[in-house]
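Structure file target.cif (mmCIF, C-alpha atoms) follows.
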```
data_query
#
loop_
_atom_site.label_atom_id
_atom_site.label_comp_id
_atom_site.auth_asym_id
_atom_site.auth_seq_id
_atom_site.Cartn_x
_atom_site.Cartn_y
_atom_site.Cartn_z
CA MET A 742 14.59 30.86 -2.86
CA ALA A 743 13.48 29.85 -6.35
CA THR A 744 10.38 28.16 -4.94
CA LEU A 745 9.24 31.43 -3.37
CA GLY A 746 10.25 33.48 -6.40
CA LYS A 747 12.80 35.41 -4.35
CA GLY A 748 16.16 35.89 -6.00
CA ASN A 749 18.35 36.80 -3.05
CA GLY A 750 18.99 35.98 0.60
CA ASP A 751 17.61 39.27 1.92
CA ALA A 752 14.22 38.81 0.26
CA TYR A 753 14.09 35.15 1.31
CA GLU A 754 14.92 36.06 4.90
CA LEU A 755 12.09 38.62 4.93
CA VAL A 756 9.63 35.96 3.71
CA LEU A 757 10.76 33.53 6.42
CA ASP A 758 10.65 36.19 9.12
CA SER A 759 7.19 37.43 8.09
CA ASN A 760 5.81 33.87 8.38
CA LEU A 761 6.99 33.41 11.96
CA SER A 762 5.00 34.69 14.91
CA SER A 763 6.64 37.48 16.95
CA PRO A 764 7.72 35.34 19.92
CA THR A 765 9.02 32.60 17.61
CA ALA A 766 10.85 34.95 15.23
CA ALA A 767 12.87 36.30 18.16
CA THR A 768 14.30 32.81 18.78
CA VAL A 769 15.40 32.13 15.18
CA ARG A 770 18.75 33.02 13.59
CA ILE A 771 18.94 32.79 9.81
CA ASN A 772 22.31 32.24 8.11
CA PHE A 773 23.23 31.63 4.48
CA HIS A 774 26.20 29.52 3.38
CA GLN A 775 27.76 28.57 0.05
CA VAL A 776 28.05 24.77 -0.24
CA ARG A 777 29.30 23.22 -3.47
CA GLY A 778 28.26 26.27 -5.44
CA ARG A 779 24.76 26.44 -3.97
CA VAL A 780 23.23 28.65 -1.30
CA VAL A 781 22.04 26.83 1.83
CA CYS A 782 19.77 28.52 4.35
CA GLU A 783 20.47 27.52 7.97
CA LEU A 784 17.88 28.17 10.68
CA ILE A 785 19.11 28.05 14.26
CA VAL A 786 16.18 27.88 16.65
CA ALA A 787 16.52 28.34 20.40
CA PRO A 788 14.72 25.85 22.68
CA SER A 789 11.23 26.80 23.81
CA SER A 790 9.84 26.30 27.30
CA GLN A 791 6.46 25.40 25.77
CA PRO A 792 5.21 23.72 22.57
CA VAL A 793 5.24 25.83 19.40
CA PHE A 794 2.73 25.02 16.66
CA ALA A 795 2.98 25.93 12.97
CA ASN A 796 -0.31 26.95 11.41
CA PRO A 797 -0.91 26.29 7.69
CA PRO A 798 -1.18 29.25 5.32
CA THR A 799 -4.66 30.74 5.00
CA GLY A 800 -6.88 28.56 2.85
CA GLU A 801 -4.77 25.40 3.25
CA GLY A 802 -6.70 23.36 5.75
CA PRO A 803 -9.53 23.66 8.24
CA GLY A 804 -7.58 25.18 11.15
CA SER A 805 -5.15 22.31 11.51
CA SER A 806 -1.61 22.84 12.71
CA ASP A 807 1.68 20.97 12.79
CA PHE A 808 3.78 20.29 15.88
CA TRP A 809 7.47 19.61 15.22
CA VAL A 810 9.86 17.94 17.65
CA LEU A 811 13.63 17.81 17.21
CA ALA A 812 14.56 14.27 18.12
CA ARG A 813 18.34 14.69 17.90
CA THR A 814 21.07 17.21 17.21
CA TRP A 815 24.07 16.87 14.98
#
```
What do you get writing this file as structure tokens?
Amino acid sequence: MATLGKGNGDAYELVLDSNLSSPTAATVRINFHQVRGRVVCELIVAPSSQPVFANPPTGEGPGSSDFWVLARTW
């Protein structure tokens, strides 16, 4: 939250949600927890039937994108 300059969970959640595409945002649950006196943001993402790519913010690369794969669950 400090990195984005947002002081509370609601503002941070809005930033996260606004950076996800509409179909992807619908599959993500955002939860906040207190752990050892610190706030931890948990993202729970439902499986997708097709690959989902993350595009870099505008001005940070020539149209490249990242593809993330979850190799294991805990």
Grab all the atoms of range 753-762 of chain A that the file lists, wrap them in a box along x, y and z, add 3 Å per side, and give me centre plus edge lengths in Å (one decimal) as AutoDock Vina command-line options.
```
--center_x 10.0 --center_y 36.0 --center_z 8.1 --size_x 15.9 --size_y 11.2 --size_z 19.6
```
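Shortest separation to Gln791 in chain A among A:Tyr753, A:Ser759, A:Thr765, A:Ala743 occurs at residue A:Thr765, atoms counted being all atoms listed in the file.
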**Report entry** Point (21.7, 32.7, 8.7), cut-off 7 Å, counting all atoms listed in the file, residues as a list of chain:residue names
**Finding:** A:Arg770, A:Ile771, A:Asn772, A:Phe773, A:Cys782, A:Glu783, A:Leu784
Query raised in the report: Pro764 in chain A: which residues within 12 Å, counting only C-alpha atoms, same-chain residues fewer than 3 positions away excluded, as a list in words?
Result: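 The residues that qualify are Asp758, Asn760, Leu761, Ala767, Thr768, Val769, Val786, Ala787, Ser789, Ser790, Gln791, Val793 and Phe794 of chain A.
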Requested in this report: Grab the CA of Glu754 in chain A to CA of Met742 in chain A distance for me, in Å with one decimal place.
Outcome: 9.3 Å
